[in-house]
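Structure file start_27.cif (mmCIF, C-alpha atoms) follows.
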```
data_upload
loop_
_atom_site.label_atom_id
_atom_site.label_comp_id
_atom_site.auth_asym_id
_atom_site.auth_seq_id
_atom_site.Cartn_x
_atom_site.Cartn_y
_atom_site.Cartn_z
CA MET R 100 -68.03 72.41 21.80
CA GLU R 101 -64.38 71.53 22.34
CA GLU R 102 -62.25 71.49 19.18
CA PRO R 103 -61.02 67.99 18.25
CA SER R 104 -57.37 67.38 19.06
CA LYS R 105 -56.78 65.00 16.14
CA LYS R 106 -56.19 66.31 12.62
CA LEU R 107 -57.39 65.06 9.25
CA VAL R 108 -55.60 66.85 6.40
CA VAL R 109 -57.08 66.67 2.91
CA VAL R 110 -54.39 67.25 0.27
CA ILE R 111 -55.57 68.58 -3.11
CA PRO R 112 -52.89 68.72 -5.84
CA ALA R 113 -53.92 71.29 -8.44
CA TYR R 114 -52.47 72.40 -11.76
CA ASN R 115 -54.54 74.91 -13.74
CA GLU R 116 -57.77 73.85 -12.04
CA GLU R 117 -59.41 77.28 -11.80
CA GLN R 118 -62.73 75.91 -13.05
CA THR R 119 -63.12 73.44 -10.18
CA ILE R 120 -60.75 74.21 -7.30
CA LYS R 121 -63.05 76.60 -5.42
CA ASN R 122 -65.96 74.17 -5.74
CA ALA R 123 -63.74 71.31 -4.55
CA VAL R 124 -62.68 73.23 -1.42
CA ASN R 125 -66.28 74.26 -0.68
CA ALA R 126 -67.52 70.69 -1.15
CA LEU R 127 -64.92 69.43 1.31
CA LYS R 128 -65.88 72.09 3.84
CA GLU R 129 -69.44 70.71 3.81
CA ILE R 130 -68.27 67.42 5.36
CA ARG R 131 -66.61 69.23 8.28
CA PRO R 132 -69.44 68.34 10.73
CA ASP R 133 -69.13 64.62 9.86
CA VAL R 134 -65.34 64.77 10.23
CA GLU R 135 -65.69 66.47 13.61
CA LYS R 136 -68.19 63.80 14.72
CA ALA R 137 -65.47 61.25 13.95
CA GLY R 138 -63.19 63.19 16.31
CA PHE R 139 -61.04 65.10 13.81
CA LYS R 140 -60.37 68.69 12.90
CA LEU R 141 -60.61 69.03 9.10
CA LEU R 142 -57.81 70.91 7.35
CA ILE R 143 -57.74 71.47 3.59
CA TYR R 144 -54.33 71.90 1.92
CA VAL R 145 -54.17 72.83 -1.76
CA VAL R 146 -50.84 72.22 -3.51
CA ASP R 147 -50.67 74.61 -6.46
CA ASP R 148 -48.20 72.87 -8.76
CA GLY R 149 -47.02 75.89 -10.75
CA SER R 150 -50.44 76.87 -12.15
CA THR R 151 -50.53 79.69 -14.69
CA ASP R 152 -54.23 80.48 -14.18
CA ASN R 153 -56.21 81.61 -11.12
CA THR R 154 -56.00 78.32 -9.23
CA ASN R 155 -53.99 79.81 -6.37
CA ARG R 156 -56.25 82.82 -5.81
CA LEU R 157 -59.48 80.82 -6.08
CA ALA R 158 -58.19 78.16 -3.65
CA ARG R 159 -57.60 80.90 -1.08
CA GLN R 160 -60.98 82.48 -1.82
CA GLY R 161 -62.63 79.10 -1.35
CA GLY R 162 -61.26 78.90 2.17
CA ALA R 163 -58.37 76.42 1.92
CA ASP R 164 -56.49 76.28 5.21
CA ARG R 165 -53.17 76.28 3.39
CA VAL R 166 -52.09 76.84 -0.21
CA ILE R 167 -48.64 75.40 -0.94
CA ARG R 168 -47.13 76.93 -4.04
CA HIS R 169 -44.68 75.31 -6.47
CA LYS R 170 -43.06 78.01 -8.61
CA VAL R 171 -43.00 75.68 -11.62
CA ASN R 172 -45.01 72.62 -12.60
CA THR R 173 -43.12 69.64 -11.20
CA GLY R 174 -45.66 66.84 -11.58
CA LEU R 175 -48.55 65.22 -9.75
CA GLY R 176 -46.30 62.97 -7.69
CA ALA R 177 -44.26 65.97 -6.52
CA ALA R 178 -47.45 67.82 -5.56
CA VAL R 179 -48.72 64.85 -3.53
CA ARG R 180 -45.31 64.54 -1.88
CA SER R 181 -45.38 68.23 -0.85
CA GLY R 182 -48.88 67.82 0.56
CA LEU R 183 -47.93 64.73 2.58
CA PHE R 184 -44.79 66.45 3.89
CA ALA R 185 -46.94 69.39 5.03
CA ALA R 186 -49.38 67.00 6.71
CA ARG R 187 -46.49 65.28 8.49
CA ARG R 188 -44.98 68.59 9.66
CA ASP R 189 -48.36 69.63 11.04
CA ARG R 190 -48.70 66.32 12.92
CA ALA R 191 -51.74 65.10 10.99
CA ASP R 192 -53.23 61.86 12.28
CA ILE R 193 -54.70 61.02 8.86
CA ALA R 194 -54.00 62.49 5.42
CA VAL R 195 -56.43 62.09 2.53
CA LYS R 196 -55.46 62.77 -1.07
CA PHE R 197 -58.39 64.21 -3.06
CA ASP R 198 -58.59 65.26 -6.72
CA ALA R 199 -59.26 68.90 -7.61
CA ASP R 200 -61.59 67.95 -10.48
CA LEU R 201 -64.42 66.67 -8.21
CA GLN R 202 -64.61 63.30 -9.92
CA HIS R 203 -64.72 61.87 -6.41
CA ASP R 204 -67.37 62.53 -3.75
CA PRO R 205 -66.14 64.20 -0.52
CA ASN R 206 -68.80 62.25 1.38
CA ASP R 207 -66.79 59.07 0.71
CA ILE R 208 -63.99 60.31 2.96
CA ILE R 209 -65.69 59.15 6.17
CA ALA R 210 -65.99 55.59 4.84
CA LEU R 211 -62.47 55.79 3.43
CA ILE R 212 -60.87 56.47 6.82
CA ASP R 213 -62.97 53.86 8.64
CA PRO R 214 -60.40 51.00 8.28
CA ILE R 215 -57.77 53.35 9.75
CA LEU R 216 -60.03 54.30 12.66
CA ASN R 217 -60.67 50.60 13.31
CA ASP R 218 -56.91 49.91 13.23
CA GLU R 219 -57.36 47.56 10.27
CA ALA R 220 -55.19 49.40 7.76
CA ASP R 221 -52.47 52.04 7.43
CA ILE R 222 -53.32 53.01 3.86
CA VAL R 223 -56.75 52.82 2.23
CA TYR R 224 -57.46 53.13 -1.50
CA GLY R 225 -60.79 53.95 -3.02
CA ASN R 226 -62.12 51.34 -5.45
CA ARG R 227 -63.98 53.11 -8.26
CA PHE R 228 -65.14 50.19 -10.34
CA GLY R 229 -68.22 49.23 -8.35
CA ARG R 230 -69.68 52.73 -8.39
CA ILE R 231 -68.37 54.40 -11.54
CA GLU R 232 -70.99 56.72 -13.07
CA TYR R 233 -69.77 56.72 -16.68
CA LYS R 234 -68.12 54.43 -19.17
CA MET R 235 -64.37 54.73 -18.77
CA PRO R 236 -62.44 54.83 -22.08
CA LEU R 237 -61.20 51.36 -23.04
CA ALA R 238 -57.52 52.40 -23.14
CA ARG R 239 -57.67 53.76 -19.58
CA LYS R 240 -59.59 50.75 -18.33
CA LEU R 241 -57.06 48.34 -19.84
CA GLY R 242 -54.16 50.41 -18.51
CA ASN R 243 -55.61 50.33 -15.02
CA LYS R 244 -56.05 46.56 -15.21
CA VAL R 245 -52.43 46.11 -16.32
CA PHE R 246 -50.99 48.30 -13.56
CA THR R 247 -53.36 46.88 -10.94
CA GLY R 248 -52.21 43.38 -11.89
CA LEU R 249 -48.57 44.45 -11.75
CA MET R 250 -49.00 46.07 -8.32
CA SER R 251 -50.92 43.04 -7.01
CA MET R 252 -48.01 40.85 -8.07
CA LEU R 253 -45.42 43.13 -6.47
CA THR R 254 -47.30 43.72 -3.19
CA LYS R 255 -49.31 40.48 -2.79
CA TRP R 256 -52.28 42.70 -1.86
CA PRO R 257 -55.83 42.02 -3.22
CA LEU R 258 -55.88 45.15 -5.37
CA LYS R 259 -58.90 46.05 -7.46
CA ASP R 260 -57.98 49.64 -8.35
CA SER R 261 -54.39 50.87 -8.22
CA GLN R 262 -54.99 54.39 -9.54
CA PRO R 263 -57.85 56.10 -7.68
CA GLY R 264 -57.81 59.84 -7.08
CA ILE R 265 -58.81 59.35 -3.46
CA LEU R 266 -56.80 57.56 -0.78
CA ALA R 267 -56.05 57.85 2.93
CA VAL R 268 -52.92 57.18 4.99
CA ASN R 269 -52.35 57.23 8.74
CA ARG R 270 -49.62 58.87 10.79
CA ASP R 271 -47.52 55.70 10.86
CA TYR R 272 -47.12 55.88 7.10
CA LEU R 273 -46.75 59.68 7.05
CA GLU R 274 -43.72 59.33 9.32
CA VAL R 275 -41.84 57.02 6.97
CA PHE R 276 -43.17 57.54 3.42
CA ASN R 277 -40.75 57.78 0.52
CA LEU R 278 -41.97 59.01 -2.88
CA PRO R 279 -38.91 59.72 -5.04
CA GLY R 280 -40.75 60.13 -8.35
CA ASP R 281 -42.38 63.38 -9.50
CA TYR R 282 -45.00 61.85 -11.76
CA ASN R 283 -47.21 58.99 -10.63
CA TYR R 284 -47.93 58.61 -6.94
CA THR R 285 -50.53 55.84 -6.55
CA GLN R 286 -48.20 52.99 -7.49
CA GLN R 287 -45.31 54.57 -5.60
CA ILE R 288 -47.37 54.71 -2.41
CA LEU R 289 -48.50 51.09 -2.82
CA LEU R 290 -45.00 49.79 -3.36
CA ASP R 291 -43.47 52.01 -0.69
CA ALA R 292 -46.13 51.13 1.91
CA TYR R 293 -45.78 47.40 1.19
CA HIS R 294 -42.02 47.46 1.72
CA GLN R 295 -42.48 49.62 4.84
CA GLY R 296 -44.61 46.85 6.34
CA MET R 297 -47.91 48.72 6.21
CA ARG R 298 -51.43 47.26 6.04
CA PHE R 299 -53.76 47.87 3.08
CA ALA R 300 -57.52 48.10 2.60
CA HIS R 301 -59.96 48.96 -0.20
CA VAL R 302 -63.20 50.95 0.20
CA PRO R 303 -65.81 51.40 -2.58
CA VAL R 304 -66.06 55.03 -3.76
CA SER R 305 -68.09 56.94 -6.32
CA PHE R 306 -66.45 58.16 -9.52
CA ARG R 307 -67.95 60.80 -11.81
CA ARG R 308 -67.12 62.01 -15.30
CA ARG R 309 -64.62 64.85 -15.46
CA THR R 310 -66.36 68.11 -16.42
CA ALA R 311 -63.31 70.40 -16.67
CA GLY R 312 -59.55 70.21 -17.19
CA ASP R 313 -57.48 67.42 -18.69
CA SER R 314 -56.42 64.08 -17.32
CA PHE R 315 -52.72 63.57 -16.56
CA ILE R 316 -52.94 60.07 -18.08
CA SER R 317 -51.37 59.90 -21.56
CA THR R 318 -49.55 57.45 -23.81
CA LYS R 319 -46.32 58.48 -22.02
CA TYR R 320 -47.70 57.28 -18.68
CA PRO R 321 -46.22 53.73 -18.65
CA PHE R 322 -42.78 55.02 -19.66
CA LYS R 323 -42.79 57.46 -16.72
CA VAL R 324 -44.33 55.10 -14.17
CA LEU R 325 -42.09 52.05 -14.57
CA PRO R 326 -38.74 53.84 -13.94
CA GLN R 327 -40.22 55.50 -10.86
CA LEU R 328 -41.45 52.19 -9.47
CA LEU R 329 -37.91 50.91 -9.91
CA MET R 330 -36.65 53.96 -8.00
CA VAL R 331 -38.99 53.12 -5.10
CA ILE R 332 -37.73 49.53 -4.93
CA ILE R 333 -34.08 50.62 -5.06
CA SER R 334 -34.55 53.31 -2.40
CA ILE R 335 -36.28 50.94 0.04
CA LYS R 336 -35.09 47.41 -0.76
CA PRO R 337 -32.02 47.78 -3.02
CA MET R 338 -31.17 44.07 -2.91
CA LYS R 339 -34.56 43.30 -4.50
CA PHE R 340 -33.13 44.91 -7.64
CA PHE R 341 -29.35 44.51 -7.41
CA LEU R 342 -29.29 40.85 -6.32
CA PRO R 343 -31.19 39.51 -9.39
CA VAL R 344 -29.14 41.74 -11.72
CA GLY R 345 -25.89 40.62 -10.10
CA LEU R 346 -26.91 36.96 -10.29
CA LEU R 347 -27.84 37.41 -13.96
CA PHE R 348 -24.33 38.61 -14.85
CA LEU R 349 -22.75 35.82 -12.77
CA PHE R 350 -24.98 33.28 -14.54
CA ILE R 351 -23.87 34.61 -17.93
CA ALA R 352 -20.21 34.35 -16.90
CA ALA R 353 -20.65 30.81 -15.54
CA SER R 354 -22.63 29.68 -18.60
CA VAL R 355 -20.05 30.94 -21.10
CA PHE R 356 -17.22 29.43 -19.02
CA CYS R 357 -18.91 26.00 -18.74
CA VAL R 358 -19.95 25.83 -22.41
CA GLU R 359 -16.51 26.77 -23.65
CA LEU R 360 -14.84 24.37 -21.22
CA VAL R 361 -17.02 21.52 -22.52
CA LEU R 362 -16.18 22.48 -26.11
CA TRP R 363 -12.46 22.40 -25.23
CA PHE R 364 -12.82 18.90 -23.69
CA LEU R 365 -14.48 17.83 -26.93
CA ASP R 366 -11.55 19.26 -28.91
CA LYS R 367 -13.82 21.83 -30.53
CA THR R 368 -11.74 24.84 -29.41
CA PRO R 369 -7.96 25.38 -29.09
CA LYS R 370 -8.11 26.58 -25.44
CA PRO R 371 -10.42 26.16 -22.41
CA VAL R 372 -11.97 29.63 -22.51
CA MET R 373 -12.08 31.49 -25.79
CA HIS R 374 -13.90 34.60 -24.55
CA THR R 375 -11.90 35.33 -21.41
CA ASN R 376 -12.76 39.04 -21.33
CA ALA R 377 -16.49 38.32 -21.59
CA VAL R 378 -16.35 35.79 -18.73
CA LEU R 379 -14.20 37.95 -16.45
CA GLY R 380 -16.15 41.13 -17.34
CA SER R 381 -19.53 39.54 -16.62
CA ALA R 382 -18.29 37.96 -13.39
CA PHE R 383 -16.75 41.24 -12.21
CA LEU R 384 -19.90 43.20 -13.12
CA GLY R 385 -22.07 40.66 -11.29
CA LEU R 386 -19.97 40.82 -8.11
CA GLN R 387 -19.76 44.62 -8.30
CA THR R 388 -23.55 44.89 -8.67
CA PHE R 389 -24.11 42.54 -5.73
CA PHE R 390 -21.74 44.42 -3.40
CA PHE R 391 -23.15 47.79 -4.51
CA GLY R 392 -26.63 46.58 -3.57
CA LEU R 393 -25.33 45.24 -0.26
CA LEU R 394 -23.73 48.59 0.53
CA ALA R 395 -26.95 50.44 -0.36
CA GLU R 396 -28.93 48.05 1.86
CA LEU R 397 -26.59 48.70 4.81
CA ILE R 398 -26.82 52.49 4.33
CA ILE R 399 -30.63 52.38 4.29
CA ARG R 400 -30.74 50.19 7.42
CA MET R 401 -28.37 52.54 9.25
CA LYS R 402 -30.56 55.54 8.35
CA LYS R 403 -33.59 53.79 9.87
CA LYS R 404 -31.87 53.34 13.23
#
```

As a first step, turn the structure in this file into structure tokens.
Amino acid sequence: MEEPSKKLVVVIPAYNEEQTIKNAVNALKEIRPDVEKAGFKLLIYVVDDGSTDNTNRLARQGGADRVIRHKVNTGLGAAVRSGLFAARRDRADIAVKFDADLQHDPNDIIALIDPILNDEADIVYGNRFGRIEYKMPLARKLGNKVFTGLMSMLTKWPLKDSQPGILAVNRDYLEVFNLPGDYNYTQQILLDAYHQGMRFAHVPVSFRRRTAGDSFISTKYPFKVLPQLLMVIISIKPMKFFLPVGLLFLFIAASVFCVELVLWFLDKTPKPVMHTNAVLGSAFLGLQTFFFGLLAELIIRMKKK
């Protein structure tokens, strides 16, 4: 049988996952015949994000095609970024991100890539909430709803689950992706893909209870995610951020100027503008912010040419 010419790379970020990484690699190898039937060669890339246990050795023993090693722990987003860069360098046609903890079912990968194969989507997210096999803690469920609502508002996409551990992207997105943050990756990909003009789809996936290791979600999560989402917006569409900020400062300057001018006409103040420095400072800051955003926008457009 002739080996498929197209490549499907499964990226597994792993940090101290010695209890599950070998099983995860073996489970993925079992779907190789189905992947080959779909016309793809299956490649499994483990990104060892500075593990201090036997994750690296066990990933190799399990038969991973590549093990990418970070010398120190840099974060889940950084590990996903390294995996996607490797997939892009190796000319992958599709890249799938898969958790090392086996909460997701490798058999869902075929359904996950179906919208890409049908040219209906460029990125596909698993939706866990129709087939979740345990009761998710209330705090995590509420957090997911909040971030899913936020991402739906920012992308205008019909999102149901913004933080699954399984997702797929095609080569079009691999060629242009930009993930500046080292922590979260799911929201970064959504926001980045939306501003890159990509198409989105959801596919129902199974979700099991974690049996080993610890979740990366903590009370610090929102404080790490929000600044990184802002970084994505600034690095892709700087005017989306700088224009509103610039207009805000100009509005403050204009408001103070108009109010104080009215007060002067009413003989309430001895001169037309009492807080000259505040008006000039706000106006200057607003204009400076606007032109800084404009310059950033021009630089980004030039880089794309």

- Care to translate the PyMOL selection byres ((chain R and resi 202-210) around 6) into actual residues of this file, as a list in words?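 Going through the file, the PyMOL selection byres ((chain R and resi 202-210) around 6) ends up selecting Leu127, Asp200, Leu201, Leu211, Ile212, Asp213, Ser305, Phe306, Arg307 and Arg309 of chain R.
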
Prev. selection, C-alpha atoms, output as a PDB file, in the frame of the given file:
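out_2.pdb written:
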```
ATOM      1  CA  LEU R 127     -64.920  69.430   1.310  1.00  0.00           C
ATOM      2  CA  ASP R 200     -61.590  67.950 -10.480  1.00  0.00           C
ATOM      3  CA  LEU R 201     -64.420  66.670  -8.210  1.00  0.00           C
ATOM      4  CA  LEU R 211     -62.470  55.790   3.430  1.00  0.00           C
ATOM      5  CA  ILE R 212     -60.870  56.470   6.820  1.00  0.00           C
ATOM      6  CA  ASP R 213     -62.970  53.860   8.640  1.00  0.00           C
ATOM      7  CA  SER R 305     -68.090  56.940  -6.320  1.00  0.00           C
ATOM      8  CA  PHE R 306     -66.450  58.160  -9.520  1.00  0.00           C
ATOM      9  CA  ARG R 307     -67.950  60.800 -11.810  1.00  0.00           C
ATOM     10  CA  ARG R 309     -64.620  64.850 -15.460  1.00  0.00           C
TER      11      ARG R 309
END
```

- Item | Distance criterion (only C-alpha atoms): nearest to R:Gln160 out of R:Ala185, R:Leu289, R:Arg131, R:Ile120 |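 Under the stated criterion, the closest residue is R:Ile120.
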
- Spell out the residues picked by the PyMOL selection byres ((chain R and resi 218) around 12) here, as number ranges by chain. R: 212-217, 219-223, 268-271, 297-300

Output file for the selection above: C-alpha atoms, as a PDB file, in the frame of the given file:
```
ATOM      1  CA  ILE R 212     -60.870  56.470   6.820  1.00  0.00           C
ATOM      2  CA  ASP R 213     -62.970  53.860   8.640  1.00  0.00           C
ATOM      3  CA  PRO R 214     -60.400  51.000   8.280  1.00  0.00           C
ATOM      4  CA  ILE R 215     -57.770  53.350   9.750  1.00  0.00           C
ATOM      5  CA  LEU R 216     -60.030  54.300  12.660  1.00  0.00           C
ATOM      6  CA  ASN R 217     -60.670  50.600  13.310  1.00  0.00           C
ATOM      7  CA  GLU R 219     -57.360  47.560  10.270  1.00  0.00           C
ATOM      8  CA  ALA R 220     -55.190  49.400   7.760  1.00  0.00           C
ATOM      9  CA  ASP R 221     -52.470  52.040   7.430  1.00  0.00           C
ATOM     10  CA  ILE R 222     -53.320  53.010   3.860  1.00  0.00           C
ATOM     11  CA  VAL R 223     -56.750  52.820   2.230  1.00  0.00           C
ATOM     12  CA  VAL R 268     -52.920  57.180   4.990  1.00  0.00           C
ATOM     13  CA  ASN R 269     -52.350  57.230   8.740  1.00  0.00           C
ATOM     14  CA  ARG R 270     -49.620  58.870  10.790  1.00  0.00           C
ATOM     15  CA  ASP R 271     -47.520  55.700  10.860  1.00  0.00           C
ATOM     16  CA  MET R 297     -47.910  48.720   6.210  1.00  0.00           C
ATOM     17  CA  ARG R 298     -51.430  47.260   6.040  1.00  0.00           C
ATOM     18  CA  PHE R 299     -53.760  47.870   3.080  1.00  0.00           C
ATOM     19  CA  ALA R 300     -57.520  48.100   2.600  1.00  0.00           C
TER      20      ALA R 300
END
```

- Message: Set the distance at 9 Å and use all atoms listed in the file: which residues neighbour R:Tyr144 once local chain neighbours fewer than 6 positions away are removed? I'd like the list as a list of chain:residue names.
- Response: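 In the requested format, the answer is R:Val108, R:Val109, R:Val110, R:Ile111, R:Pro112, R:Ala163, R:Asp164, R:Arg165, R:Val166, R:Ile167, R:Gly182, R:Ala185, R:Ala186.
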
- Work out how far atom CA of R:Gln387 is from atom CA of R:Val361, in Å to one decimal. 27.3 Å

- Query: Distance atom CA of R:Pro263-atom CA of R:Gly149, one decimal place?
  - Reply: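 A separation of 22.8 Å between them.
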